[in-house]
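Quick look at coords25.pdb (PDB, C-alpha atoms):
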```
ATOM      1  CA  MET A  72       3.428 124.935  87.814  1.00  0.00           C
ATOM      2  CA  ALA A  73       3.076 126.127  91.379  1.00  0.00           C
ATOM      3  CA  SER A  74       3.185 122.590  92.741  1.00  0.00           C
ATOM      4  CA  GLU A  75       6.373 121.976  90.756  1.00  0.00           C
ATOM      5  CA  ALA A  76       7.947 125.098  92.272  1.00  0.00           C
ATOM      6  CA  VAL A  77       6.871 123.998  95.782  1.00  0.00           C
ATOM      7  CA  LYS A  78       8.435 120.582  95.170  1.00  0.00           C
ATOM      8  CA  LYS A  79      11.701 122.233  94.072  1.00  0.00           C
ATOM      9  CA  ILE A  80      11.659 124.498  97.141  1.00  0.00           C
ATOM     10  CA  LEU A  81      10.998 121.570  99.488  1.00  0.00           C
ATOM     11  CA  SER A  82      13.658 119.527  97.775  1.00  0.00           C
ATOM     12  CA  ALA A  83      16.131 122.411  98.042  1.00  0.00           C
ATOM     13  CA  GLU A  84      15.301 122.854 101.745  1.00  0.00           C
ATOM     14  CA  ALA A  85      15.775 119.134 102.383  1.00  0.00           C
ATOM     15  CA  ASP A  86      19.055 119.215 100.486  1.00  0.00           C
ATOM     16  CA  SER A  87      20.135 122.294 102.442  1.00  0.00           C
ATOM     17  CA  ASN A  88      19.236 120.643 105.771  1.00  0.00           C
ATOM     18  CA  ARG A  89      21.167 117.526 104.800  1.00  0.00           C
ATOM     19  CA  LYS A  90      24.222 119.573 103.776  1.00  0.00           C
ATOM     20  CA  ASN A  91      24.017 121.579 107.027  1.00  0.00           C
ATOM     21  CA  ALA A  92      23.849 118.359 109.041  1.00  0.00           C
ATOM     22  CA  ASP A  93      26.833 116.942 107.127  1.00  0.00           C
ATOM     23  CA  ALA A  94      28.770 120.162 107.663  1.00  0.00           C
ATOM     24  CA  ARG A  95      27.931 120.138 111.397  1.00  0.00           C
ATOM     25  CA  LYS A  96      29.075 116.509 111.683  1.00  0.00           C
ATOM     26  CA  CYS A  97      32.257 117.256 109.751  1.00  0.00           C
ATOM     27  CA  SER A  98      32.907 120.283 111.979  1.00  0.00           C
ATOM     28  CA  GLU A  99      32.382 118.210 115.138  1.00  0.00           C
ATOM     29  CA  ASP A 100      34.706 115.511 113.805  1.00  0.00           C
ATOM     30  CA  ILE A 101      37.407 118.095 113.099  1.00  0.00           C
ATOM     31  CA  ILE A 102      37.017 119.589 116.593  1.00  0.00           C
ATOM     32  CA  MET A 103      37.140 116.155 118.247  1.00  0.00           C
ATOM     33  CA  GLU A 104      40.266 115.224 116.290  1.00  0.00           C
ATOM     34  CA  ALA A 105      41.912 118.540 117.182  1.00  0.00           C
ATOM     35  CA  GLU A 106      41.049 117.985 120.865  1.00  0.00           C
ATOM     36  CA  ARG A 107      42.530 114.499 120.714  1.00  0.00           C
ATOM     37  CA  TYR A 108      45.751 115.749 119.111  1.00  0.00           C
ATOM     38  CA  SER A 109      46.036 118.639 121.556  1.00  0.00           C
ATOM     39  CA  ALA A 110      45.503 116.283 124.518  1.00  0.00           C
ATOM     40  CA  LEU A 111      48.221 114.032 123.124  1.00  0.00           C
ATOM     41  CA  ALA A 112      50.543 117.004 122.659  1.00  0.00           C
ATOM     42  CA  VAL A 113      49.886 118.138 126.240  1.00  0.00           C
ATOM     43  CA  GLN A 114      50.603 114.632 127.536  1.00  0.00           C
ATOM     44  CA  LYS A 115      53.876 114.534 125.592  1.00  0.00           C
ATOM     45  CA  LYS A 116      54.903 117.928 126.983  1.00  0.00           C
ATOM     46  CA  ILE A 117      54.035 116.862 130.539  1.00  0.00           C
ATOM     47  CA  SER A 118      55.985 113.648 130.088  1.00  0.00           C
ATOM     48  CA  ALA A 119      59.000 115.515 128.714  1.00  0.00           C
ATOM     49  CA  ALA A 120      58.829 118.024 131.578  1.00  0.00           C
ATOM     50  CA  ALA A 121      58.623 115.217 134.147  1.00  0.00           C
ATOM     51  CA  ALA A 122      61.648 113.508 132.599  1.00  0.00           C
ATOM     52  CA  GLU A 123      63.603 116.778 132.624  1.00  0.00           C
ATOM     53  CA  ALA A 124      62.592 117.433 136.244  1.00  0.00           C
ATOM     54  CA  GLU A 125      63.773 113.965 137.260  1.00  0.00           C
ATOM     55  CA  LYS A 126      67.075 114.542 135.468  1.00  0.00           C
ATOM     56  CA  ILE A 127      67.559 117.821 137.350  1.00  0.00           C
ATOM     57  CA  ARG A 128      66.609 116.150 140.652  1.00  0.00           C
ATOM     58  CA  ALA A 129      69.175 113.400 140.014  1.00  0.00           C
ATOM     59  CA  GLU A 130      71.870 116.003 139.318  1.00  0.00           C
ATOM     60  CA  TYR A 131      71.030 117.861 142.535  1.00  0.00           C
ATOM     61  CA  ARG A 132      71.004 114.613 144.525  1.00  0.00           C
ATOM     62  CA  LYS A 133      74.450 113.812 143.147  1.00  0.00           C
ATOM     63  CA  LYS A 134      75.742 117.284 144.013  1.00  0.00           C
ATOM     64  CA  SER A 135      74.146 117.032 147.460  1.00  0.00           C
ATOM     65  CA  ASP A 136      75.833 113.698 148.081  1.00  0.00           C
ATOM     66  CA  ILE A 137      79.201 115.157 147.058  1.00  0.00           C
ATOM     67  CA  HIS A 138      78.727 118.152 149.345  1.00  0.00           C
ATOM     68  CA  ALA A 139      77.602 115.920 152.232  1.00  0.00           C
ATOM     69  CA  GLU A 140      80.654 113.720 151.740  1.00  0.00           C
ATOM     70  CA  GLN A 141      82.959 116.752 151.692  1.00  0.00           C
ATOM     71  CA  ALA A 142      81.285 118.195 154.802  1.00  0.00           C
ATOM     72  CA  GLU A 143      81.633 114.883 156.631  1.00  0.00           C
ATOM     73  CA  LYS A 144      85.287 114.665 155.646  1.00  0.00           C
ATOM     74  CA  SER A 145      85.883 118.218 156.836  1.00  0.00           C
ATOM     75  CA  CYS A 146      84.105 117.517 160.149  1.00  0.00           C
ATOM     76  CA  PHE A 147      86.174 114.392 160.782  1.00  0.00           C
ATOM     77  CA  GLU A 148      89.359 116.354 160.036  1.00  0.00           C
ATOM     78  CA  GLN A 149      88.323 119.104 162.459  1.00  0.00           C
ATOM     79  CA  ILE A 150      87.408 116.530 165.120  1.00  0.00           C
ATOM     80  CA  LYS A 151      90.806 114.893 164.628  1.00  0.00           C
ATOM     81  CA  ASN A 152      92.567 118.248 165.064  1.00  0.00           C
ATOM     82  CA  ILE A 153      90.496 119.116 168.148  1.00  0.00           C
ATOM     83  CA  ARG A 154      91.197 115.683 169.651  1.00  0.00           C
ATOM     84  CA  MET A 155      94.946 116.089 169.039  1.00  0.00           C
ATOM     85  CA  GLN A 156      94.879 119.552 170.613  1.00  0.00           C
ATOM     86  CA  ALA A 157      92.896 118.228 173.575  1.00  0.00           C
ATOM     87  CA  GLU A 158      95.367 115.392 174.091  1.00  0.00           C
ATOM     88  CA  LYS A 159      98.260 117.854 173.903  1.00  0.00           C
ATOM     89  CA  ASN A 160      96.542 120.147 176.414  1.00  0.00           C
ATOM     90  CA  MET A 161      95.815 117.193 178.707  1.00  0.00           C
ATOM     91  CA  SER A 162      99.428 116.086 178.546  1.00  0.00           C
ATOM     92  CA  ASN A 163     100.635 119.614 179.321  1.00  0.00           C
ATOM     93  CA  ALA A 164      98.156 119.868 182.204  1.00  0.00           C
ATOM     94  CA  VAL A 165      99.294 116.520 183.663  1.00  0.00           C
ATOM     95  CA  ASN A 166     102.940 117.537 183.347  1.00  0.00           C
ATOM     96  CA  ALA A 167     102.216 120.890 185.006  1.00  0.00           C
ATOM     97  CA  VAL A 168     100.443 119.185 187.921  1.00  0.00           C
ATOM     98  CA  ILE A 169     103.244 116.662 188.337  1.00  0.00           C
ATOM     99  CA  GLU A 170     105.884 119.378 188.289  1.00  0.00           C
ATOM    100  CA  GLU A 171     103.930 121.461 190.799  1.00  0.00           C
ATOM    101  CA  PHE A 172     103.494 118.721 193.368  1.00  0.00           C
ATOM    102  CA  PHE A 173     106.570 116.552 192.885  1.00  0.00           C
TER     103      PHE A 173
END
```

Starting from the file, give its structure as structure tokens.
Amino acid sequence: MASEAVKKILSAEADSNRKNADARKCSEDIIMEAERYSALAVQKKISAAAAEAEKIRAEYRKKSDIHAEQAEKSCFEQIKNIRMQAEKNMSNAVNAVIEEFF
């Protein structure tokens, strides 16, 4: 009887060890799969963020180009006005010199 009980105990321990090993493997598989899915989710988020950042950069580049164009236009207009004023002043100065000496 005792040897039968020992056999049952050993068999139960072996069965328990096998079930523990299976559970450990199953747990590791679940963790690995979760890590893989989380890494994929992180990659998707990074990709989406990079795309959004590029979209924002493109919008700012476009706005910057518009502002640069407007600034250039304004500068040329101011240069034109200064040149006209300078020519007018030069003409007045020449006329004043001519009138003074002739």

Separation of atom CA of A:Cys97 from atom CA of A:Ala112 in Å: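 Taking atom CA of A:Ala112 and atom CA of A:Cys97, their separation equals 22.4 Å.
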
Between atom CA of A:Lys159 and atom CA of A:Gln141, distance in Å (one decimal):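 Atom CA of A:Lys159 sits 27.0 Å away from atom CA of A:Gln141.
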
d(atom CA of A:Ala122, atom CA of A:Ile137) in Å: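 That distance, rounded to one decimal, is 22.8 Å.
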
For stretch 106-140 of chain A, supply N, CA and C atoms and report the output as a PDB file, in the coordinates of the input.
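To be explicit, this is the file written out as part.pdb:
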```pdb
ATOM      1  N   GLU A 106      40.979 118.167 119.408  1.00  0.00           N
ATOM      2  CA  GLU A 106      41.049 117.985 120.865  1.00  0.00           C
ATOM      3  C   GLU A 106      41.907 116.781 121.218  1.00  0.00           C
ATOM      4  N   ARG A 107      41.745 115.710 120.455  1.00  0.00           N
ATOM      5  CA  ARG A 107      42.530 114.499 120.714  1.00  0.00           C
ATOM      6  C   ARG A 107      44.016 114.760 120.488  1.00  0.00           C
ATOM      7  N   TYR A 108      44.352 115.439 119.385  1.00  0.00           N
ATOM      8  CA  TYR A 108      45.751 115.749 119.111  1.00  0.00           C
ATOM      9  C   TYR A 108      46.326 116.717 120.141  1.00  0.00           C
ATOM     10  N   SER A 109      45.528 117.690 120.568  1.00  0.00           N
ATOM     11  CA  SER A 109      46.036 118.639 121.556  1.00  0.00           C
ATOM     12  C   SER A 109      46.238 117.946 122.898  1.00  0.00           C
ATOM     13  N   ALA A 110      45.331 117.034 123.269  1.00  0.00           N
ATOM     14  CA  ALA A 110      45.503 116.283 124.518  1.00  0.00           C
ATOM     15  C   ALA A 110      46.763 115.430 124.447  1.00  0.00           C
ATOM     16  N   LEU A 111      47.011 114.830 123.309  1.00  0.00           N
ATOM     17  CA  LEU A 111      48.221 114.032 123.124  1.00  0.00           C
ATOM     18  C   LEU A 111      49.461 114.911 123.212  1.00  0.00           C
ATOM     19  N   ALA A 112      49.410 116.080 122.604  1.00  0.00           N
ATOM     20  CA  ALA A 112      50.543 117.004 122.659  1.00  0.00           C
ATOM     21  C   ALA A 112      50.803 117.460 124.095  1.00  0.00           C
ATOM     22  N   VAL A 113      49.740 117.729 124.830  1.00  0.00           N
ATOM     23  CA  VAL A 113      49.886 118.138 126.240  1.00  0.00           C
ATOM     24  C   VAL A 113      50.509 116.999 127.043  1.00  0.00           C
ATOM     25  N   GLN A 114      50.040 115.779 126.821  1.00  0.00           N
ATOM     26  CA  GLN A 114      50.603 114.632 127.536  1.00  0.00           C
ATOM     27  C   GLN A 114      52.088 114.461 127.231  1.00  0.00           C
ATOM     28  N   LYS A 115      52.464 114.651 125.969  1.00  0.00           N
ATOM     29  CA  LYS A 115      53.876 114.534 125.592  1.00  0.00           C
ATOM     30  C   LYS A 115      54.703 115.606 126.283  1.00  0.00           C
ATOM     31  N   LYS A 116      54.179 116.834 126.329  1.00  0.00           N
ATOM     32  CA  LYS A 116      54.903 117.928 126.983  1.00  0.00           C
ATOM     33  C   LYS A 116      55.044 117.660 128.478  1.00  0.00           C
ATOM     34  N   ILE A 117      53.983 117.174 129.108  1.00  0.00           N
ATOM     35  CA  ILE A 117      54.035 116.862 130.539  1.00  0.00           C
ATOM     36  C   ILE A 117      55.044 115.751 130.793  1.00  0.00           C
ATOM     37  N   SER A 118      55.041 114.752 129.948  1.00  0.00           N
ATOM     38  CA  SER A 118      55.985 113.648 130.088  1.00  0.00           C
ATOM     39  C   SER A 118      57.422 114.134 129.924  1.00  0.00           C
ATOM     40  N   ALA A 119      57.653 114.973 128.934  1.00  0.00           N
ATOM     41  CA  ALA A 119      59.000 115.515 128.714  1.00  0.00           C
ATOM     42  C   ALA A 119      59.428 116.377 129.901  1.00  0.00           C
ATOM     43  N   ALA A 120      58.515 117.174 130.424  1.00  0.00           N
ATOM     44  CA  ALA A 120      58.829 118.024 131.578  1.00  0.00           C
ATOM     45  C   ALA A 120      59.133 117.171 132.808  1.00  0.00           C
ATOM     46  N   ALA A 121      58.381 116.102 133.004  1.00  0.00           N
ATOM     47  CA  ALA A 121      58.623 115.217 134.147  1.00  0.00           C
ATOM     48  C   ALA A 121      59.989 114.545 134.018  1.00  0.00           C
ATOM     49  N   ALA A 122      60.337 114.131 132.817  1.00  0.00           N
ATOM     50  CA  ALA A 122      61.648 113.508 132.599  1.00  0.00           C
ATOM     51  C   ALA A 122      62.769 114.514 132.863  1.00  0.00           C
ATOM     52  N   GLU A 123      62.597 115.734 132.399  1.00  0.00           N
ATOM     53  CA  GLU A 123      63.603 116.778 132.624  1.00  0.00           C
ATOM     54  C   GLU A 123      63.712 117.101 134.115  1.00  0.00           C
ATOM     55  N   ALA A 124      62.581 117.160 134.805  1.00  0.00           N
ATOM     56  CA  ALA A 124      62.592 117.433 136.244  1.00  0.00           C
ATOM     57  C   ALA A 124      63.320 116.316 136.992  1.00  0.00           C
ATOM     58  N   GLU A 125      63.093 115.084 136.609  1.00  0.00           N
ATOM     59  CA  GLU A 125      63.773 113.965 137.260  1.00  0.00           C
ATOM     60  C   GLU A 125      65.274 114.019 137.000  1.00  0.00           C
ATOM     61  N   LYS A 126      65.652 114.405 135.805  1.00  0.00           N
ATOM     62  CA  LYS A 126      67.075 114.542 135.468  1.00  0.00           C
ATOM     63  C   LYS A 126      67.721 115.618 136.347  1.00  0.00           C
ATOM     64  N   ILE A 127      67.040 116.733 136.514  1.00  0.00           N
ATOM     65  CA  ILE A 127      67.559 117.821 137.350  1.00  0.00           C
ATOM     66  C   ILE A 127      67.636 117.363 138.808  1.00  0.00           C
ATOM     67  N   ARG A 128      66.590 116.662 139.279  1.00  0.00           N
ATOM     68  CA  ARG A 128      66.609 116.150 140.652  1.00  0.00           C
ATOM     69  C   ARG A 128      67.796 115.214 140.870  1.00  0.00           C
ATOM     70  N   ALA A 129      68.053 114.345 139.906  1.00  0.00           N
ATOM     71  CA  ALA A 129      69.175 113.400 140.014  1.00  0.00           C
ATOM     72  C   ALA A 129      70.497 114.153 140.091  1.00  0.00           C
ATOM     73  N   GLU A 130      70.642 115.203 139.280  1.00  0.00           N
ATOM     74  CA  GLU A 130      71.870 116.003 139.318  1.00  0.00           C
ATOM     75  C   GLU A 130      72.041 116.668 140.687  1.00  0.00           C
ATOM     76  N   TYR A 131      70.950 117.216 141.225  1.00  0.00           N
ATOM     77  CA  TYR A 131      71.030 117.861 142.535  1.00  0.00           C
ATOM     78  C   TYR A 131      71.304 116.852 143.645  1.00  0.00           C
ATOM     79  N   ARG A 132      70.716 115.653 143.531  1.00  0.00           N
ATOM     80  CA  ARG A 132      71.004 114.613 144.525  1.00  0.00           C
ATOM     81  C   ARG A 132      72.493 114.258 144.494  1.00  0.00           C
ATOM     82  N   LYS A 133      73.029 114.144 143.289  1.00  0.00           N
ATOM     83  CA  LYS A 133      74.450 113.812 143.147  1.00  0.00           C
ATOM     84  C   LYS A 133      75.311 114.916 143.757  1.00  0.00           C
ATOM     85  N   LYS A 134      74.986 116.169 143.438  1.00  0.00           N
ATOM     86  CA  LYS A 134      75.742 117.284 144.013  1.00  0.00           C
ATOM     87  C   LYS A 134      75.593 117.317 145.526  1.00  0.00           C
ATOM     88  N   SER A 135      74.396 117.053 146.015  1.00  0.00           N
ATOM     89  CA  SER A 135      74.146 117.032 147.460  1.00  0.00           C
ATOM     90  C   SER A 135      74.971 115.942 148.128  1.00  0.00           C
ATOM     91  N   ASP A 136      75.028 114.788 147.519  1.00  0.00           N
ATOM     92  CA  ASP A 136      75.833 113.698 148.081  1.00  0.00           C
ATOM     93  C   ASP A 136      77.308 114.078 148.138  1.00  0.00           C
ATOM     94  N   ILE A 137      77.796 114.724 147.084  1.00  0.00           N
ATOM     95  CA  ILE A 137      79.201 115.157 147.058  1.00  0.00           C
ATOM     96  C   ILE A 137      79.454 116.169 148.172  1.00  0.00           C
ATOM     97  N   HIS A 138      78.554 117.136 148.303  1.00  0.00           N
ATOM     98  CA  HIS A 138      78.727 118.152 149.345  1.00  0.00           C
ATOM     99  C   HIS A 138      78.638 117.529 150.739  1.00  0.00           C
ATOM    100  N   ALA A 139      77.731 116.591 150.936  1.00  0.00           N
ATOM    101  CA  ALA A 139      77.602 115.920 152.232  1.00  0.00           C
ATOM    102  C   ALA A 139      78.877 115.143 152.545  1.00  0.00           C
ATOM    103  N   GLU A 140      79.416 114.481 151.561  1.00  0.00           N
ATOM    104  CA  GLU A 140      80.654 113.720 151.740  1.00  0.00           C
ATOM    105  C   GLU A 140      81.812 114.657 152.100  1.00  0.00           C
TER     106      GLU A 140
END
```
